[in-house]
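Enquirer: Below you'll find the structure I mean.
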Amino acid sequence: MQLIPRHDPYLVVRSTGDLTVAALRGELDLVLVRHLRPELDALVRESGALTVDIRSLTFCDATGLGLLAHCAGRTRERGARWRLVCDQPRILRLIRLTALDDVLHPEPALPDDLPGAWPDALPDGPPPGRPAWSGPTVLRLSGPV
């Protein structure tokens, strides 16, 4: 596999032949979706088999799921193979709650049939300059609401 050079702390892409693996990192929210959509659309158009690895995401909202569903649908429309690798319980739960299991088909690990080694190209945690999502903030109000 060959690393496609780019200086994007949120996306690492490796490809060989028609096979492309895109690993995402950070918080897949409206801001990151706007940033990544052109890159992912290009990968969808050019790949014969696209695997999107989201194991390093720290958060995913509805716009992030929408982008993934869009990529999955467009990849399949072209007759290409789609894979989503996800082992994040919160994101898997969100996929189930939104009934996107049949669209995204998440798998817990990269498949064994990928040629070459896929080292952990993305370090754990959020990219520099963006804090990890730590869950919802609970505000306690005193007095009548």
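All residue names refer to the structure tokens as shown: chains lettered A, B, ... in order, residues numbered from 1 in each chain, ligands numbered from 1 in order.
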Please identify all polymer residues within 9 Å of Ala80 in chain A, counting only C-alpha atoms, omitting same-chain residues fewer than 3 positions from it, and present them as a list in words.
Expert: Val44, Ser47, Gly48, Ala49, Leu50, Arg74, Thr75, Arg76 and Glu77 of chain A
Enquirer: Restricting the calculation to only C-alpha atoms: of A:Arg37, A:Leu68, A:Val85, A:Ile91, which residue gets closest to Val103 in chain A?
Expert: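 Between A:Arg37, A:Leu68, A:Val85, A:Ile91, the residue approaching Val103 in chain A most closely is A:Leu68.
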Enquirer: For Ala72 in chain A, find every residue with an atom within 12 Å (counting only C-alpha atoms), except residues of its own chain fewer than 4 positions away, and show them as an NGL selection string.
Expert: :A and (40-41 or 43-45 or 47 or 49-52 or 65-68 or 76-84 or 100-106)
Enquirer: Put those residues in a file: N, CA and C atoms, as an mmCIF file, in the first residue's frame.
Expert:
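Resulting contents of part26.cif:
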```cif
data_model
loop_
_atom_site.group_PDB
_atom_site.id
_atom_site.type_symbol
_atom_site.label_atom_id
_atom_site.label_comp_id
_atom_site.auth_asym_id
_atom_site.auth_seq_id
_atom_site.Cartn_x
_atom_site.Cartn_y
_atom_site.Cartn_z
ATOM 1 N N LEU A 40 -13.393 12.658 0.494
ATOM 2 C CA LEU A 40 -14.082 11.366 0.480
ATOM 3 C C LEU A 40 -14.865 11.168 -0.812
ATOM 4 N N ASP A 41 -15.462 12.234 -1.342
ATOM 5 C CA ASP A 41 -16.155 12.116 -2.628
ATOM 6 C C ASP A 41 -15.186 11.694 -3.726
ATOM 7 N N LEU A 43 -12.426 9.946 -3.307
ATOM 8 C CA LEU A 43 -12.089 8.539 -3.069
ATOM 9 C C LEU A 43 -13.210 7.620 -3.542
ATOM 10 N N VAL A 44 -14.458 8.025 -3.320
ATOM 11 C CA VAL A 44 -15.607 7.228 -3.761
ATOM 12 C C VAL A 44 -15.594 7.100 -5.285
ATOM 13 N N ARG A 45 -15.296 8.204 -5.973
ATOM 14 C CA ARG A 45 -15.285 8.186 -7.441
ATOM 15 C C ARG A 45 -14.153 7.344 -8.017
ATOM 16 N N SER A 47 -12.157 4.821 -6.365
ATOM 17 C CA SER A 47 -11.804 3.535 -5.762
ATOM 18 C C SER A 47 -12.687 2.406 -6.266
ATOM 19 N N ALA A 49 -12.624 -0.399 -4.484
ATOM 20 C CA ALA A 49 -13.009 -0.941 -3.181
ATOM 21 C C ALA A 49 -12.575 0.087 -2.140
ATOM 22 N N LEU A 50 -13.526 0.605 -1.381
ATOM 23 C CA LEU A 50 -13.233 1.636 -0.390
ATOM 24 C C LEU A 50 -13.531 1.119 1.008
ATOM 25 N N THR A 51 -12.521 1.154 1.865
ATOM 26 C CA THR A 51 -12.674 0.817 3.274
ATOM 27 C C THR A 51 -12.445 2.101 4.066
ATOM 28 N N VAL A 52 -13.411 2.465 4.916
ATOM 29 C CA VAL A 52 -13.291 3.641 5.767
ATOM 30 C C VAL A 52 -13.146 3.149 7.204
ATOM 31 N N LEU A 65 -22.627 10.676 10.315
ATOM 32 C CA LEU A 65 -23.292 9.463 9.821
ATOM 33 C C LEU A 65 -23.859 9.681 8.427
ATOM 34 N N GLY A 66 -24.371 10.880 8.193
ATOM 35 C CA GLY A 66 -24.901 11.194 6.871
ATOM 36 C C GLY A 66 -23.820 11.125 5.804
ATOM 37 N N LEU A 67 -22.632 11.629 6.115
ATOM 38 C CA LEU A 67 -21.516 11.559 5.165
ATOM 39 C C LEU A 67 -21.124 10.109 4.902
ATOM 40 N N LEU A 68 -21.040 9.314 5.951
ATOM 41 C CA LEU A 68 -20.686 7.900 5.778
ATOM 42 C C LEU A 68 -21.735 7.164 4.952
ATOM 43 N N ARG A 76 -21.455 1.912 -3.642
ATOM 44 C CA ARG A 76 -22.198 0.757 -4.143
ATOM 45 C C ARG A 76 -22.867 1.045 -5.485
ATOM 46 N N GLU A 77 -23.360 2.278 -5.670
ATOM 47 C CA GLU A 77 -23.962 2.649 -6.960
ATOM 48 C C GLU A 77 -22.974 2.461 -8.108
ATOM 49 N N ARG A 78 -21.719 2.725 -7.836
ATOM 50 C CA ARG A 78 -20.675 2.566 -8.854
ATOM 51 C C ARG A 78 -20.292 1.104 -9.059
ATOM 52 N N GLY A 79 -20.812 0.221 -8.225
ATOM 53 C CA GLY A 79 -20.457 -1.192 -8.317
ATOM 54 C C GLY A 79 -19.173 -1.521 -7.581
ATOM 55 N N ALA A 80 -18.705 -0.589 -6.753
ATOM 56 C CA ALA A 80 -17.485 -0.800 -5.975
ATOM 57 C C ALA A 80 -17.841 -1.399 -4.615
ATOM 58 N N ARG A 81 -16.846 -1.949 -3.952
ATOM 59 C CA ARG A 81 -17.042 -2.575 -2.632
ATOM 60 C C ARG A 81 -16.869 -1.529 -1.535
ATOM 61 N N TRP A 82 -17.751 -1.563 -0.541
ATOM 62 C CA TRP A 82 -17.731 -0.642 0.609
ATOM 63 C C TRP A 82 -17.493 -1.429 1.878
ATOM 64 N N ARG A 83 -16.629 -0.912 2.732
ATOM 65 C CA ARG A 83 -16.439 -1.463 4.080
ATOM 66 C C ARG A 83 -16.297 -0.299 5.055
ATOM 67 N N LEU A 84 -16.894 -0.465 6.224
ATOM 68 C CA LEU A 84 -16.735 0.493 7.311
ATOM 69 C C LEU A 84 -16.181 -0.271 8.501
ATOM 70 N N LEU A 100 -29.000 2.500 10.384
ATOM 71 C CA LEU A 100 -28.066 2.552 9.258
ATOM 72 C C LEU A 100 -27.177 1.312 9.173
ATOM 73 N N ASP A 101 -27.472 0.295 9.996
ATOM 74 C CA ASP A 101 -26.666 -0.939 9.954
ATOM 75 C C ASP A 101 -26.626 -1.533 8.546
ATOM 76 N N ASP A 102 -27.800 -1.568 7.893
ATOM 77 C CA ASP A 102 -27.881 -2.187 6.574
ATOM 78 C C ASP A 102 -27.220 -1.346 5.484
ATOM 79 N N VAL A 103 -27.005 -0.071 5.744
ATOM 80 C CA VAL A 103 -26.343 0.802 4.778
ATOM 81 C C VAL A 103 -24.824 0.797 5.002
ATOM 82 N N LEU A 104 -24.426 0.908 6.263
ATOM 83 C CA LEU A 104 -22.998 1.055 6.581
ATOM 84 C C LEU A 104 -22.276 -0.274 6.793
ATOM 85 N N HIS A 105 -22.985 -1.296 7.264
ATOM 86 C CA HIS A 105 -22.395 -2.614 7.525
ATOM 87 C C HIS A 105 -21.076 -2.516 8.302
ATOM 88 N N PRO A 106 -21.097 -1.983 9.532
ATOM 89 C CA PRO A 106 -19.836 -1.841 10.269
ATOM 90 C C PRO A 106 -19.209 -3.188 10.612
#
```
Enquirer: Run DSSP on the backbone of this structure and report the residues of range 34-119 of chain A it assigns to helix (DSSP H, G or I), as an mmCIF file with N, CA, C and O atoms, in the first residue's frame.
Expert:
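Saved the output as out.cif:
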```cif
data_model
loop_
_atom_site.group_PDB
_atom_site.id
_atom_site.type_symbol
_atom_site.label_atom_id
_atom_site.label_comp_id
_atom_site.auth_asym_id
_atom_site.auth_seq_id
_atom_site.Cartn_x
_atom_site.Cartn_y
_atom_site.Cartn_z
ATOM 1 N N ARG A 34 -17.615 19.032 6.507
ATOM 2 C CA ARG A 34 -17.387 20.024 5.447
ATOM 3 C C ARG A 34 -15.949 19.968 4.938
ATOM 4 O O ARG A 34 -15.699 20.174 3.762
ATOM 5 N N HIS A 35 -15.025 19.705 5.830
ATOM 6 C CA HIS A 35 -13.606 19.618 5.472
ATOM 7 C C HIS A 35 -13.307 18.353 4.673
ATOM 8 O O HIS A 35 -12.558 18.390 3.698
ATOM 9 N N LEU A 36 -13.879 17.225 5.080
ATOM 10 C CA LEU A 36 -13.533 15.932 4.485
ATOM 11 C C LEU A 36 -14.379 15.530 3.278
ATOM 12 O O LEU A 36 -13.959 14.676 2.498
ATOM 13 N N ARG A 37 -15.543 16.107 3.121
ATOM 14 C CA ARG A 37 -16.449 15.652 2.062
ATOM 15 C C ARG A 37 -15.819 15.665 0.671
ATOM 16 O O ARG A 37 -15.935 14.673 -0.060
ATOM 17 N N PRO A 38 -15.125 16.720 0.262
ATOM 18 C CA PRO A 38 -14.511 16.686 -1.074
ATOM 19 C C PRO A 38 -13.489 15.552 -1.223
ATOM 20 O O PRO A 38 -13.439 14.888 -2.263
ATOM 21 N N GLU A 39 -12.699 15.318 -0.189
ATOM 22 C CA GLU A 39 -11.700 14.241 -0.230
ATOM 23 C C GLU A 39 -12.379 12.876 -0.333
ATOM 24 O O GLU A 39 -11.976 12.035 -1.129
ATOM 25 N N LEU A 40 -13.393 12.658 0.494
ATOM 26 C CA LEU A 40 -14.082 11.366 0.480
ATOM 27 C C LEU A 40 -14.865 11.168 -0.812
ATOM 28 O O LEU A 40 -14.909 10.056 -1.349
ATOM 29 N N ASP A 41 -15.462 12.234 -1.342
ATOM 30 C CA ASP A 41 -16.155 12.116 -2.628
ATOM 31 C C ASP A 41 -15.186 11.694 -3.726
ATOM 32 O O ASP A 41 -15.523 10.864 -4.579
ATOM 33 N N ALA A 42 -13.975 12.250 -3.713
ATOM 34 C CA ALA A 42 -12.974 11.866 -4.712
ATOM 35 C C ALA A 42 -12.583 10.403 -4.544
ATOM 36 O O ALA A 42 -12.443 9.672 -5.532
ATOM 37 N N LEU A 43 -12.426 9.946 -3.307
ATOM 38 C CA LEU A 43 -12.089 8.539 -3.069
ATOM 39 C C LEU A 43 -13.210 7.620 -3.542
ATOM 40 O O LEU A 43 -12.954 6.561 -4.113
ATOM 41 N N VAL A 44 -14.458 8.025 -3.320
ATOM 42 C CA VAL A 44 -15.607 7.228 -3.761
ATOM 43 C C VAL A 44 -15.594 7.100 -5.285
ATOM 44 O O VAL A 44 -15.818 6.026 -5.825
ATOM 45 N N ARG A 45 -15.296 8.204 -5.973
ATOM 46 C CA ARG A 45 -15.285 8.186 -7.441
ATOM 47 C C ARG A 45 -14.153 7.344 -8.017
ATOM 48 O O ARG A 45 -14.290 6.757 -9.080
ATOM 49 N N GLU A 46 -13.022 7.299 -7.323
ATOM 50 C CA GLU A 46 -11.818 6.698 -7.894
ATOM 51 C C GLU A 46 -11.515 5.282 -7.414
ATOM 52 O O GLU A 46 -10.693 4.611 -8.009
ATOM 53 N N ALA A 62 -24.895 13.256 13.667
ATOM 54 C CA ALA A 62 -25.767 12.896 12.544
ATOM 55 C C ALA A 62 -25.179 13.314 11.207
ATOM 56 O O ALA A 62 -25.330 12.607 10.209
ATOM 57 N N THR A 63 -24.497 14.460 11.154
ATOM 58 C CA THR A 63 -23.900 14.864 9.880
ATOM 59 C C THR A 63 -22.763 13.923 9.487
ATOM 60 O O THR A 63 -22.579 13.628 8.309
ATOM 61 N N GLY A 64 -22.035 13.429 10.481
ATOM 62 C CA GLY A 64 -20.980 12.449 10.206
ATOM 63 C C GLY A 64 -21.557 11.152 9.681
ATOM 64 O O GLY A 64 -21.057 10.581 8.703
ATOM 65 N N LEU A 65 -22.627 10.676 10.315
ATOM 66 C CA LEU A 65 -23.292 9.463 9.821
ATOM 67 C C LEU A 65 -23.859 9.681 8.427
ATOM 68 O O LEU A 65 -23.822 8.785 7.579
ATOM 69 N N GLY A 66 -24.371 10.880 8.193
ATOM 70 C CA GLY A 66 -24.901 11.194 6.871
ATOM 71 C C GLY A 66 -23.820 11.125 5.804
ATOM 72 O O GLY A 66 -24.051 10.607 4.700
ATOM 73 N N LEU A 67 -22.632 11.629 6.115
ATOM 74 C CA LEU A 67 -21.516 11.559 5.165
ATOM 75 C C LEU A 67 -21.124 10.109 4.902
ATOM 76 O O LEU A 67 -20.911 9.718 3.751
ATOM 77 N N LEU A 68 -21.040 9.314 5.951
ATOM 78 C CA LEU A 68 -20.686 7.900 5.778
ATOM 79 C C LEU A 68 -21.735 7.164 4.952
ATOM 80 O O LEU A 68 -21.405 6.371 4.069
ATOM 81 N N ALA A 69 -23.020 7.439 5.216
ATOM 82 C CA ALA A 69 -24.094 6.793 4.452
ATOM 83 C C ALA A 69 -24.050 7.234 2.991
ATOM 84 O O ALA A 69 -24.251 6.422 2.077
ATOM 85 N N HIS A 70 -23.769 8.498 2.757
ATOM 86 C CA HIS A 70 -23.630 9.013 1.391
ATOM 87 C C HIS A 70 -22.498 8.288 0.665
ATOM 88 O O HIS A 70 -22.672 7.837 -0.471
ATOM 89 N N CYS A 71 -21.357 8.168 1.322
ATOM 90 C CA CYS A 71 -20.205 7.487 0.713
ATOM 91 C C CYS A 71 -20.524 6.019 0.434
ATOM 92 O O CYS A 71 -20.175 5.499 -0.632
ATOM 93 N N ALA A 72 -21.176 5.360 1.377
ATOM 94 C CA ALA A 72 -21.521 3.946 1.189
ATOM 95 C C ALA A 72 -22.459 3.779 -0.006
ATOM 96 O O ALA A 72 -22.247 2.907 -0.858
ATOM 97 N N GLY A 73 -23.472 4.612 -0.090
ATOM 98 C CA GLY A 73 -24.430 4.522 -1.186
ATOM 99 C C GLY A 73 -23.796 4.798 -2.536
ATOM 100 O O GLY A 73 -24.012 4.054 -3.503
ATOM 101 N N ARG A 74 -22.990 5.844 -2.617
ATOM 102 C CA ARG A 74 -22.342 6.190 -3.893
ATOM 103 C C ARG A 74 -21.332 5.130 -4.312
ATOM 104 O O ARG A 74 -21.198 4.821 -5.488
ATOM 105 N N THR A 75 -20.629 4.567 -3.335
ATOM 106 C CA THR A 75 -19.649 3.520 -3.650
ATOM 107 C C THR A 75 -20.361 2.320 -4.251
ATOM 108 O O THR A 75 -19.939 1.780 -5.281
ATOM 109 N N ARG A 76 -21.455 1.912 -3.642
ATOM 110 C CA ARG A 76 -22.198 0.757 -4.143
ATOM 111 C C ARG A 76 -22.867 1.045 -5.485
ATOM 112 O O ARG A 76 -22.948 0.164 -6.342
ATOM 113 N N GLU A 77 -23.360 2.278 -5.670
ATOM 114 C CA GLU A 77 -23.962 2.649 -6.960
ATOM 115 C C GLU A 77 -22.974 2.461 -8.108
ATOM 116 O O GLU A 77 -23.364 2.106 -9.213
ATOM 117 N N PRO A 89 -18.163 1.646 20.685
ATOM 118 C CA PRO A 89 -19.525 1.321 21.134
ATOM 119 C C PRO A 89 -20.524 2.466 20.968
ATOM 120 O O PRO A 89 -21.659 2.245 20.559
ATOM 121 N N ARG A 90 -20.101 3.707 21.245
ATOM 122 C CA ARG A 90 -21.036 4.840 21.118
ATOM 123 C C ARG A 90 -21.451 5.058 19.667
ATOM 124 O O ARG A 90 -22.605 5.337 19.379
ATOM 125 N N ILE A 91 -20.500 4.930 18.752
ATOM 126 C CA ILE A 91 -20.812 5.141 17.341
ATOM 127 C C ILE A 91 -21.630 3.968 16.803
ATOM 128 O O ILE A 91 -22.591 4.167 16.046
ATOM 129 N N LEU A 92 -21.288 2.754 17.210
ATOM 130 C CA LEU A 92 -22.068 1.585 16.784
ATOM 131 C C LEU A 92 -23.509 1.690 17.276
ATOM 132 O O LEU A 92 -24.449 1.349 16.555
ATOM 133 N N ARG A 93 -23.682 2.181 18.481
ATOM 134 C CA ARG A 93 -25.034 2.364 19.022
ATOM 135 C C ARG A 93 -25.799 3.397 18.201
ATOM 136 O O ARG A 93 -26.974 3.211 17.877
ATOM 137 N N LEU A 94 -25.137 4.478 17.844
ATOM 138 C CA LEU A 94 -25.760 5.510 17.027
ATOM 139 C C LEU A 94 -26.154 4.954 15.654
ATOM 140 O O LEU A 94 -27.232 5.250 15.138
ATOM 141 N N ILE A 95 -25.291 4.120 15.074
ATOM 142 C CA ILE A 95 -25.603 3.481 13.792
ATOM 143 C C ILE A 95 -26.852 2.609 13.923
ATOM 144 O O ILE A 95 -27.736 2.634 13.070
ATOM 145 N N ARG A 96 -26.943 1.846 15.028
ATOM 146 C CA ARG A 96 -28.126 0.995 15.247
ATOM 147 C C ARG A 96 -29.382 1.837 15.466
ATOM 148 O O ARG A 96 -30.434 1.547 14.916
ATOM 149 N N LEU A 97 -29.268 2.887 16.293
ATOM 150 C CA LEU A 97 -30.431 3.720 16.605
ATOM 151 C C LEU A 97 -30.967 4.438 15.372
ATOM 152 O O LEU A 97 -32.167 4.714 15.283
ATOM 153 N N ASP A 101 -27.472 0.295 9.996
ATOM 154 C CA ASP A 101 -26.666 -0.939 9.954
ATOM 155 C C ASP A 101 -26.626 -1.533 8.546
ATOM 156 O O ASP A 101 -25.579 -1.961 8.072
ATOM 157 N N ASP A 102 -27.800 -1.568 7.893
ATOM 158 C CA ASP A 102 -27.881 -2.187 6.574
ATOM 159 C C ASP A 102 -27.220 -1.346 5.484
ATOM 160 O O ASP A 102 -26.922 -1.866 4.415
ATOM 161 N N VAL A 103 -27.005 -0.071 5.744
ATOM 162 C CA VAL A 103 -26.343 0.802 4.778
ATOM 163 C C VAL A 103 -24.824 0.797 5.002
ATOM 164 O O VAL A 103 -24.050 0.674 4.062
ATOM 165 N N LEU A 104 -24.426 0.908 6.263
ATOM 166 C CA LEU A 104 -22.998 1.055 6.581
ATOM 167 C C LEU A 104 -22.276 -0.274 6.793
ATOM 168 O O LEU A 104 -21.084 -0.371 6.575
#
```
Enquirer: List every residue of range 42-82 of chain A that DSSP, applied to the backbone of this structure, assigns to strand (DSSP E), and report them as an mmCIF file with all heavy atoms, in the first residue's frame.
Expert:
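What ended up in part-v5.cif:
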```
data_model
loop_
_atom_site.group_PDB
_atom_site.id
_atom_site.type_symbol
_atom_site.label_atom_id
_atom_site.label_comp_id
_atom_site.auth_asym_id
_atom_site.auth_seq_id
_atom_site.Cartn_x
_atom_site.Cartn_y
_atom_site.Cartn_z
ATOM 1 N N ALA A 49 -12.624 -0.399 -4.484
ATOM 2 C CA ALA A 49 -13.009 -0.941 -3.181
ATOM 3 C C ALA A 49 -12.575 0.087 -2.140
ATOM 4 O O ALA A 49 -11.399 0.423 -2.055
ATOM 5 C CB ALA A 49 -12.340 -2.277 -2.925
ATOM 6 N N LEU A 50 -13.526 0.605 -1.381
ATOM 7 C CA LEU A 50 -13.233 1.636 -0.390
ATOM 8 C C LEU A 50 -13.531 1.119 1.008
ATOM 9 O O LEU A 50 -14.649 0.688 1.294
ATOM 10 C CB LEU A 50 -14.054 2.899 -0.666
ATOM 11 C CG LEU A 50 -13.885 4.060 0.312
ATOM 12 C CD1 LEU A 50 -12.434 4.536 0.355
ATOM 13 C CD2 LEU A 50 -14.815 5.207 -0.059
ATOM 14 N N THR A 51 -12.521 1.154 1.865
ATOM 15 C CA THR A 51 -12.674 0.817 3.274
ATOM 16 C C THR A 51 -12.445 2.101 4.066
ATOM 17 O O THR A 51 -11.420 2.760 3.903
ATOM 18 C CB THR A 51 -11.649 -0.248 3.710
ATOM 19 O OG1 THR A 51 -11.883 -1.436 2.962
ATOM 20 C CG2 THR A 51 -11.768 -0.557 5.197
ATOM 21 N N VAL A 52 -13.411 2.465 4.916
ATOM 22 C CA VAL A 52 -13.291 3.641 5.767
ATOM 23 C C VAL A 52 -13.146 3.149 7.204
ATOM 24 O O VAL A 52 -14.008 2.447 7.718
ATOM 25 C CB VAL A 52 -14.500 4.584 5.609
ATOM 26 C CG1 VAL A 52 -14.384 5.772 6.558
ATOM 27 C CG2 VAL A 52 -14.621 5.064 4.165
ATOM 28 N N ASP A 53 -12.029 3.492 7.806
ATOM 29 C CA ASP A 53 -11.690 3.069 9.166
ATOM 30 C C ASP A 53 -11.959 4.235 10.108
ATOM 31 O O ASP A 53 -11.273 5.254 10.048
ATOM 32 C CB ASP A 53 -10.214 2.654 9.204
ATOM 33 C CG ASP A 53 -9.774 2.136 10.556
ATOM 34 O OD1 ASP A 53 -10.533 2.240 11.533
ATOM 35 O OD2 ASP A 53 -8.637 1.627 10.628
ATOM 36 N N ILE A 54 -12.968 4.089 10.974
ATOM 37 C CA ILE A 54 -13.321 5.179 11.896
ATOM 38 C C ILE A 54 -13.020 4.804 13.348
ATOM 39 O O ILE A 54 -13.565 5.410 14.262
ATOM 40 C CB ILE A 54 -14.784 5.623 11.720
ATOM 41 C CG1 ILE A 54 -15.765 4.500 12.035
ATOM 42 C CG2 ILE A 54 -15.022 6.179 10.324
ATOM 43 C CD1 ILE A 54 -17.220 4.950 12.102
ATOM 44 N N ARG A 55 -12.136 3.852 13.561
ATOM 45 C CA ARG A 55 -11.819 3.434 14.925
ATOM 46 C C ARG A 55 -11.146 4.527 15.737
ATOM 47 O O ARG A 55 -11.182 4.499 16.961
ATOM 48 C CB ARG A 55 -10.946 2.184 14.906
ATOM 49 C CG ARG A 55 -11.688 0.958 14.370
ATOM 50 C CD ARG A 55 -10.796 -0.231 14.278
ATOM 51 N NE ARG A 55 -9.736 0.043 13.290
ATOM 52 C CZ ARG A 55 -8.706 -0.752 13.067
ATOM 53 N NH1 ARG A 55 -8.569 -1.865 13.747
ATOM 54 N NH2 ARG A 55 -7.810 -0.440 12.149
ATOM 55 N N SER A 56 -10.536 5.514 15.092
ATOM 56 C CA SER A 56 -9.866 6.592 15.821
ATOM 57 C C SER A 56 -10.734 7.829 15.999
ATOM 58 O O SER A 56 -10.253 8.845 16.470
ATOM 59 C CB SER A 56 -8.565 6.980 15.103
ATOM 60 O OG SER A 56 -7.635 5.932 15.180
ATOM 61 N N LEU A 57 -12.008 7.750 15.609
ATOM 62 C CA LEU A 57 -12.900 8.873 15.875
ATOM 63 C C LEU A 57 -13.193 8.951 17.363
ATOM 64 O O LEU A 57 -13.360 7.925 18.025
ATOM 65 C CB LEU A 57 -14.226 8.720 15.125
ATOM 66 C CG LEU A 57 -14.221 8.930 13.623
ATOM 67 C CD1 LEU A 57 -15.642 8.792 13.071
ATOM 68 C CD2 LEU A 57 -13.641 10.278 13.238
ATOM 69 N N THR A 58 -13.285 10.160 17.870
ATOM 70 C CA THR A 58 -13.656 10.347 19.261
ATOM 71 C C THR A 58 -15.126 10.734 19.402
ATOM 72 O O THR A 58 -15.675 10.718 20.497
ATOM 73 C CB THR A 58 -12.788 11.439 19.922
ATOM 74 O OG1 THR A 58 -12.899 12.642 19.161
ATOM 75 C CG2 THR A 58 -11.336 10.998 19.992
ATOM 76 N N PHE A 59 -15.764 11.078 18.269
ATOM 77 C CA PHE A 59 -17.166 11.510 18.284
ATOM 78 C C PHE A 59 -17.704 11.456 16.862
ATOM 79 O O PHE A 59 -16.968 11.659 15.900
ATOM 80 C CB PHE A 59 -17.258 12.950 18.818
ATOM 81 C CG PHE A 59 -18.630 13.556 18.740
ATOM 82 C CD1 PHE A 59 -19.603 13.220 19.656
ATOM 83 C CD2 PHE A 59 -18.936 14.469 17.737
ATOM 84 C CE1 PHE A 59 -20.871 13.782 19.579
ATOM 85 C CE2 PHE A 59 -20.196 15.031 17.662
ATOM 86 C CZ PHE A 59 -21.161 14.686 18.587
ATOM 87 N N CYS A 60 -18.989 11.180 16.727
ATOM 88 C CA CYS A 60 -19.652 11.216 15.427
ATOM 89 C C CYS A 60 -21.088 11.667 15.657
ATOM 90 O O CYS A 60 -21.778 11.115 16.511
ATOM 91 C CB CYS A 60 -19.610 9.835 14.763
ATOM 92 S SG CYS A 60 -20.322 9.788 13.108
ATOM 93 N N ARG A 81 -16.846 -1.949 -3.952
ATOM 94 C CA ARG A 81 -17.042 -2.575 -2.632
ATOM 95 C C ARG A 81 -16.869 -1.529 -1.535
ATOM 96 O O ARG A 81 -15.941 -0.732 -1.572
ATOM 97 C CB ARG A 81 -16.037 -3.703 -2.449
ATOM 98 C CG ARG A 81 -16.162 -4.401 -1.111
ATOM 99 C CD ARG A 81 -15.358 -5.691 -1.092
ATOM 100 N NE ARG A 81 -15.250 -6.242 0.221
ATOM 101 C CZ ARG A 81 -16.201 -6.939 0.837
ATOM 102 N NH1 ARG A 81 -17.333 -7.163 0.233
ATOM 103 N NH2 ARG A 81 -16.018 -7.421 2.046
ATOM 104 N N TRP A 82 -17.751 -1.563 -0.541
ATOM 105 C CA TRP A 82 -17.731 -0.642 0.609
ATOM 106 C C TRP A 82 -17.493 -1.429 1.878
ATOM 107 O O TRP A 82 -18.097 -2.481 2.086
ATOM 108 C CB TRP A 82 -19.065 0.091 0.713
ATOM 109 C CG TRP A 82 -19.269 0.748 2.051
ATOM 110 C CD1 TRP A 82 -19.948 0.242 3.107
ATOM 111 C CD2 TRP A 82 -18.776 2.025 2.460
ATOM 112 N NE1 TRP A 82 -19.910 1.128 4.160
ATOM 113 C CE2 TRP A 82 -19.199 2.223 3.789
ATOM 114 C CE3 TRP A 82 -18.020 3.010 1.843
ATOM 115 C CZ2 TRP A 82 -18.896 3.387 4.499
ATOM 116 C CZ3 TRP A 82 -17.710 4.167 2.542
ATOM 117 C CH2 TRP A 82 -18.150 4.345 3.861
#
```
Enquirer: Would you list the contacts of Val12 in chain A as number ranges by chain, taking every protein, DNA or RNA residue within 7 Å and counting only C-alpha atoms, but skipping same-chain residues closer than 3 positions in sequence?
Expert: A: 22-24
Enquirer: Pick out the closest residue to Arg25 in chain A from this set: A:Asp8, A:Leu110, A:Asp87, A:Asp61. Count only C-alpha atoms.
Expert: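 Closest candidate: A:Asp8.
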Enquirer: Which value, in Å to one decimal, gives the distance between CA of Glu27 in chain A and CA of Glu107 in chain A?
Expert: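 Going from CA of Glu27 in chain A over to CA of Glu107 in chain A, I get 19.6 Å.
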Enquirer: Just to confirm, what's the straight-line distance from CA of Pro111 in chain A to CA of Cys86 in chain A in Å (one decimal)?
Expert: 11.8 Å
